[in-house]
Amino acid sequence: MSNPDDGVTTYQNLLLYRAPDAAGVAGAFALIATVAIDSSDEYTAYTDTGGEDTSWYQWKWQNTAATLTSNASPAIQAGDSVVRQWLKGDIGDADVTNAMWDRWTKQTLVDLYNRGIWKPVRATVTATKNADGTFVERYGVAGAIRDIIDVEQVTPDAYLGHVNWLRSGEWTRDGRQVRLIGATDTVKYVVHGKAQYASIGELTDDYFMLAYRMIRLRLLEYRLSQRSNFYRWTVMDKVSDIGPNDLRAMIQDARGEIAEDIKNLALPEPMIPFSFSGRS
């Protein structure tokens with residue numbers, strides 16, 4: 001079978017398989033869904049409503065004609081992630097629980113957003129009228145949108161052709177809503193915004209490795225905290241134990257590496273475009 005990452009083969013579908021847990025390993029896998037790959041996004045999401053907390057999953061890539069199918073991915077249990085598996089394999093600290101890895105992962109996703117690693121999102125709004133015939137001004141936006149960048153007017157058909165950008169003052173953000181001044185139903189409105197990555201699985205390769213380093217940094221800071229609380233003196237092994245100064249040096253190196261990655265990968269704050277009227 002062909003490798004889906006060979007840069008030659010094109011796949012259009014994901015085949016998703018689920019297996020019950022069998023004493024800590026995956027049981028027999030069964031196909032649960034065939035999902036069209038979302039070529040407009042960096043990842044394709046699927047929610048399995050029939051699984052359990054202990055279910056196992058794997059997937060394959062397949063072309064539309066079902067004549068070419070990739071090898072199966074490694075099995076992964078619900079709630080697990082590749083980055084957690086890597087960290088546990090590379091570091092091998094048995095006293096660090098899955099709950100700790102997961103907490104550090106969630107903290108890292110928030111930190112990524114705050115440091116300029118975000119994904120662009122958009123939501124379409126159709127203006128509606130009040131009972132008195134006036135247009136409603138305030139509309140809720142998709143929950144994923146953390147910051148609104150700008151609002152675009154588009155044609156009201158399925159093609160959503162560009163009309164113009166709204167000028168400053170023609171729209172404002174009002175809490176979890178966008179306020180459209182002078183709204184009309186002759187166009188639709190596309191709200192462009194910034195969203196936080198919701199899971200490690202959404203990250204592209206460069207961002208994935210940055211998240212890996214940031215989670216590892218949290219482990220080093222945790223170890224230093226332990227040493228600062230005299231944990232070192234109760235468990236220290238004179239042959240293999242790492243002292244506070246060693247940890248501080250490792251933390252400094254890790255922070256420098258992360259800062260360099262952020263400088264290279266962070267998205268610039270988008271400028272609100274100038275408004276212009278008519279089609280372009």
# chains A, B, ... in the order shown; residues from 1 in each chain; ligands from 1

$ closest_atom_pairs --of "stretch 12-130 of chain A" --to "stretch 147-167 of chain A" --cutoff "12 Å" --atoms "only C-alpha atoms" --output "tab-separated table"
residue	atom	partner	partner_atom	distance
A:Tyr113	CA	A:Asp147	CA	10.9
A:Asn114	CA	A:Asp147	CA	11.5
A:Trp118	CA	A:Asp147	CA	10.4
A:Lys119	CA	A:Asp147	CA	10.9
A:Pro120	CA	A:Ile149	CA	9.3
A:Val121	CA	A:Ile148	CA	9.3
A:Arg122	CA	A:Ile148	CA	9.0
A:Ala123	CA	A:Val151	CA	9.6
A:Thr124	CA	A:Glu152	CA	9.4
A:Val125	CA	A:Gln153	CA	9.7
A:Thr126	CA	A:Pro156	CA	8.4
A:Ala127	CA	A:Pro156	CA	10.5

$ select_by_dssp --residues "stretch 80-202 of chain A" --states "helix (DSSP H, G or I)" --output "ChimeraX atom specification"
/A:82-91,98-114,200-202

$ write_last_selection --atoms "C-alpha atoms" --output "JSON list (two decimals), in the first residue's frame"
[["chain", "number", "residue", "atom", "x", "y", "z"],
["A", 82, "VAL", "CA", 0.94, 11.66, 19.73],
["A", 83, "VAL", "CA", 2.78, 14.43, 21.55],
["A", 84, "ARG", "CA", 2.05, 12.80, 24.92],
["A", 85, "GLN", "CA", 3.33, 9.47, 23.61],
["A", 86, "TRP", "CA", 6.50, 11.13, 22.34],
["A", 87, "LEU", "CA", 7.14, 12.91, 25.62],
["A", 88, "LYS", "CA", 6.56, 9.78, 27.69],
["A", 89, "GLY", "CA", 8.82, 7.79, 25.37],
["A", 90, "ASP", "CA", 11.60, 10.39, 25.24],
["A", 91, "ILE", "CA", 11.59, 11.31, 28.91],
["A", 98, "ASN", "CA", -1.34, 11.40, 32.00],
["A", 99, "ALA", "CA", -3.43, 14.02, 33.80],
["A", 100, "MET", "CA", -0.31, 16.17, 34.26],
["A", 101, "TRP", "CA", 0.69, 15.83, 30.60],
["A", 102, "ASP", "CA", -2.86, 16.75, 29.56],
["A", 103, "ARG", "CA", -2.95, 19.77, 31.88],
["A", 104, "TRP", "CA", 0.36, 21.03, 30.51],
["A", 105, "THR", "CA", -0.93, 20.47, 26.97],
["A", 106, "LYS", "CA", -4.03, 22.61, 27.60],
["A", 107, "GLN", "CA", -1.91, 25.33, 29.19],
["A", 108, "THR", "CA", 0.41, 25.23, 26.18],
["A", 109, "LEU", "CA", -2.46, 25.69, 23.70],
["A", 110, "VAL", "CA", -3.52, 28.83, 25.59],
["A", 111, "ASP", "CA", 0.09, 30.03, 25.68],
["A", 112, "LEU", "CA", 0.47, 29.46, 21.94],
["A", 113, "TYR", "CA", -2.49, 31.75, 21.23],
["A", 114, "ASN", "CA", -1.21, 34.44, 23.57],
["A", 200, "ILE", "CA", -2.72, 19.24, 19.61],
["A", 201, "GLY", "CA", -4.10, 17.36, 16.61],
["A", 202, "GLU", "CA", -4.96, 20.63, 14.85]]

$ atom_distance --atom1 "atom CA of A:Tyr212" --atom2 "atom CA of A:Ala19"
27.7 Å

$ select_by_dssp --residues "stretch 31-280 of chain A" --states "strand (DSSP E)" --output "PyMOL selection string"
chain A and resi 31-36+56-62+76-77+119-125+138-140+145-154+162-165+171-174+177-180+188-195

$ write_last_selection --atoms "C-alpha atoms" --output "mmCIF file, in the first residue's frame"
data_model
loop_
_atom_site.group_PDB
_atom_site.id
_atom_site.type_symbol
_atom_site.label_atom_id
_atom_site.label_comp_id
_atom_site.auth_asym_id
_atom_site.auth_seq_id
_atom_site.Cartn_x
_atom_site.Cartn_y
_atom_site.Cartn_z
ATOM 1 C CA LEU A 31 -14.781 0.571 10.394
ATOM 2 C CA ILE A 32 -17.028 3.264 11.905
ATOM 3 C CA ALA A 33 -16.931 6.067 9.327
ATOM 4 C CA THR A 34 -15.658 7.225 5.963
ATOM 5 C CA VAL A 35 -14.994 10.963 6.084
ATOM 6 C CA ALA A 36 -14.168 13.256 3.178
ATOM 7 C CA TRP A 56 -8.987 2.653 20.595
ATOM 8 C CA TYR A 57 -8.771 4.267 17.164
ATOM 9 C CA GLN A 58 -6.786 4.078 13.949
ATOM 10 C CA TRP A 59 -7.295 5.402 10.436
ATOM 11 C CA LYS A 60 -6.376 4.895 6.797
ATOM 12 C CA TRP A 61 -6.342 7.174 3.753
ATOM 13 C CA GLN A 62 -8.270 6.171 0.641
ATOM 14 C CA ILE A 76 -4.204 5.342 19.815
ATOM 15 C CA GLN A 77 -6.556 5.276 22.782
ATOM 16 C CA LYS A 119 -5.582 30.020 13.284
ATOM 17 C CA PRO A 120 -7.747 32.247 11.085
ATOM 18 C CA VAL A 121 -11.469 31.463 11.205
ATOM 19 C CA ARG A 122 -14.564 33.002 9.731
ATOM 20 C CA ALA A 123 -18.306 32.896 10.265
ATOM 21 C CA THR A 124 -21.104 33.986 7.937
ATOM 22 C CA VAL A 125 -23.880 36.236 9.266
ATOM 23 C CA ARG A 138 -26.194 42.524 17.056
ATOM 24 C CA TYR A 139 -25.342 38.958 15.979
ATOM 25 C CA GLY A 140 -23.588 36.132 17.777
ATOM 26 C CA ILE A 145 -13.576 33.248 17.368
ATOM 27 C CA ARG A 146 -11.504 34.820 20.128
ATOM 28 C CA ASP A 147 -10.809 38.114 18.350
ATOM 29 C CA ILE A 148 -12.604 39.714 15.410
ATOM 30 C CA ILE A 149 -10.240 41.064 12.774
ATOM 31 C CA ASP A 150 -12.632 42.536 10.228
ATOM 32 C CA VAL A 151 -16.032 42.119 8.581
ATOM 33 C CA GLU A 152 -16.514 41.567 4.859
ATOM 34 C CA GLN A 153 -19.659 42.068 2.795
ATOM 35 C CA VAL A 154 -20.277 39.316 0.242
ATOM 36 C CA HIS A 162 -16.506 39.765 -2.340
ATOM 37 C CA VAL A 163 -18.331 43.127 -2.256
ATOM 38 C CA ASN A 164 -16.321 45.268 0.175
ATOM 39 C CA TRP A 165 -14.809 45.476 3.652
ATOM 40 C CA TRP A 171 -19.109 47.368 12.780
ATOM 41 C CA THR A 172 -18.007 46.915 16.374
ATOM 42 C CA ARG A 173 -17.482 43.983 18.677
ATOM 43 C CA ASP A 174 -19.960 43.783 21.548
ATOM 44 C CA GLN A 177 -21.478 39.524 19.379
ATOM 45 C CA VAL A 178 -20.657 41.648 16.365
ATOM 46 C CA ARG A 179 -22.678 44.830 15.895
ATOM 47 C CA LEU A 180 -23.439 45.730 12.278
ATOM 48 C CA LYS A 188 -24.197 38.585 3.701
ATOM 49 C CA TYR A 189 -21.461 39.357 6.200
ATOM 50 C CA VAL A 190 -18.351 37.277 6.774
ATOM 51 C CA VAL A 191 -16.771 37.858 10.162
ATOM 52 C CA HIS A 192 -13.020 37.143 10.027
ATOM 53 C CA GLY A 193 -11.316 36.369 13.306
ATOM 54 C CA LYS A 194 -8.629 34.591 15.278
ATOM 55 C CA ALA A 195 -9.127 31.276 17.053
#

$ residues_around --residues "A:Ala254" --least-positions-apart "2" --cutoff "12 Å" --atoms "only C-alpha atoms" --output "PDB file with N, CA and C atoms, in the first residue's frame"
ATOM      1  N   LEU A 210       6.837  22.872  18.236  1.00  0.00           N
ATOM      2  CA  LEU A 210       6.916  23.961  19.211  1.00  0.00           C
ATOM      3  C   LEU A 210       6.133  23.595  20.465  1.00  0.00           C
ATOM      4  N   ALA A 211       4.943  23.031  20.294  1.00  0.00           N
ATOM      5  CA  ALA A 211       4.140  22.606  21.444  1.00  0.00           C
ATOM      6  C   ALA A 211       4.875  21.535  22.239  1.00  0.00           C
ATOM      7  N   TYR A 212       5.535  20.623  21.555  1.00  0.00           N
ATOM      8  CA  TYR A 212       6.321  19.576  22.210  1.00  0.00           C
ATOM      9  C   TYR A 212       7.371  20.203  23.139  1.00  0.00           C
ATOM     10  N   ARG A 213       8.081  21.193  22.630  1.00  0.00           N
ATOM     11  CA  ARG A 213       9.140  21.837  23.419  1.00  0.00           C
ATOM     12  C   ARG A 213       8.549  22.618  24.598  1.00  0.00           C
ATOM     13  N   MET A 214       7.389  23.239  24.386  1.00  0.00           N
ATOM     14  CA  MET A 214       6.774  24.023  25.452  1.00  0.00           C
ATOM     15  C   MET A 214       6.241  23.129  26.569  1.00  0.00           C
ATOM     16  N   ILE A 215       5.713  21.966  26.217  1.00  0.00           N
ATOM     17  CA  ILE A 215       5.248  21.027  27.249  1.00  0.00           C
ATOM     18  C   ILE A 215       6.438  20.467  28.014  1.00  0.00           C
ATOM     19  N   ARG A 216       7.509  20.174  27.293  1.00  0.00           N
ATOM     20  CA  ARG A 216       8.724  19.671  27.956  1.00  0.00           C
ATOM     21  C   ARG A 216       9.281  20.720  28.919  1.00  0.00           C
ATOM     22  N   LEU A 217       9.203  22.000  28.544  1.00  0.00           N
ATOM     23  CA  LEU A 217       9.646  23.077  29.435  1.00  0.00           C
ATOM     24  C   LEU A 217       8.844  23.059  30.726  1.00  0.00           C
ATOM     25  N   ARG A 218       7.563  22.807  30.643  1.00  0.00           N
ATOM     26  CA  ARG A 218       6.735  22.747  31.853  1.00  0.00           C
ATOM     27  C   ARG A 218       7.178  21.602  32.759  1.00  0.00           C
ATOM     28  N   LEU A 219       7.618  20.501  32.165  1.00  0.00           N
ATOM     29  CA  LEU A 219       8.151  19.399  32.976  1.00  0.00           C
ATOM     30  C   LEU A 219       9.418  19.843  33.708  1.00  0.00           C
ATOM     31  N   LEU A 220      10.316  20.533  33.004  1.00  0.00           N
ATOM     32  CA  LEU A 220      11.552  20.991  33.638  1.00  0.00           C
ATOM     33  C   LEU A 220      11.244  21.956  34.783  1.00  0.00           C
ATOM     34  N   GLU A 221      10.286  22.863  34.567  1.00  0.00           N
ATOM     35  CA  GLU A 221       9.917  23.803  35.629  1.00  0.00           C
ATOM     36  C   GLU A 221       9.285  23.072  36.816  1.00  0.00           C
ATOM     37  N   LEU A 247      19.047  22.025  36.199  1.00  0.00           N
ATOM     38  CA  LEU A 247      17.698  22.272  35.706  1.00  0.00           C
ATOM     39  C   LEU A 247      17.540  23.715  35.239  1.00  0.00           C
ATOM     40  N   ARG A 248      18.109  24.660  35.983  1.00  0.00           N
ATOM     41  CA  ARG A 248      18.012  26.063  35.566  1.00  0.00           C
ATOM     42  C   ARG A 248      18.683  26.278  34.212  1.00  0.00           C
ATOM     43  N   ALA A 249      19.806  25.622  33.983  1.00  0.00           N
ATOM     44  CA  ALA A 249      20.488  25.746  32.692  1.00  0.00           C
ATOM     45  C   ALA A 249      19.649  25.135  31.571  1.00  0.00           C
ATOM     46  N   MET A 250      19.033  23.991  31.845  1.00  0.00           N
ATOM     47  CA  MET A 250      18.178  23.350  30.851  1.00  0.00           C
ATOM     48  C   MET A 250      16.951  24.203  30.547  1.00  0.00           C
ATOM     49  N   ILE A 251      16.376  24.830  31.583  1.00  0.00           N
ATOM     50  CA  ILE A 251      15.213  25.695  31.395  1.00  0.00           C
ATOM     51  C   ILE A 251      15.584  26.915  30.560  1.00  0.00           C
ATOM     52  N   GLN A 252      16.750  27.500  30.855  1.00  0.00           N
ATOM     53  CA  GLN A 252      17.189  28.666  30.099  1.00  0.00           C
ATOM     54  C   GLN A 252      17.381  28.317  28.628  1.00  0.00           C
ATOM     55  N   GLY A 256      15.101  29.762  25.439  1.00  0.00           N
ATOM     56  CA  GLY A 256      15.732  30.403  24.289  1.00  0.00           C
ATOM     57  C   GLY A 256      15.312  29.756  22.980  1.00  0.00           C
ATOM     58  N   GLU A 257      15.251  28.427  22.980  1.00  0.00           N
ATOM     59  CA  GLU A 257      14.833  27.696  21.784  1.00  0.00           C
ATOM     60  C   GLU A 257      13.382  28.012  21.423  1.00  0.00           C
ATOM     61  N   ILE A 258      12.527  28.066  22.443  1.00  0.00           N
ATOM     62  CA  ILE A 258      11.107  28.370  22.216  1.00  0.00           C
ATOM     63  C   ILE A 258      10.944  29.802  21.714  1.00  0.00           C
ATOM     64  N   ALA A 259      11.676  30.751  22.303  1.00  0.00           N
ATOM     65  CA  ALA A 259      11.589  32.146  21.878  1.00  0.00           C
ATOM     66  C   ALA A 259      11.994  32.296  20.413  1.00  0.00           C
ATOM     67  N   GLU A 260      12.997  31.559  19.986  1.00  0.00           N
ATOM     68  CA  GLU A 260      13.429  31.613  18.592  1.00  0.00           C
ATOM     69  C   GLU A 260      12.354  31.039  17.679  1.00  0.00           C
ATOM     70  N   ASP A 261      11.731  29.936  18.101  1.00  0.00           N
ATOM     71  CA  ASP A 261      10.642  29.351  17.314  1.00  0.00           C
ATOM     72  C   ASP A 261       9.471  30.316  17.198  1.00  0.00           C
TER      73      ASP A 261
END

$ atom_distance --atom1 "atom CA of A:Gly182" --atom2 "atom CA of A:Phe135"
7.7 Å
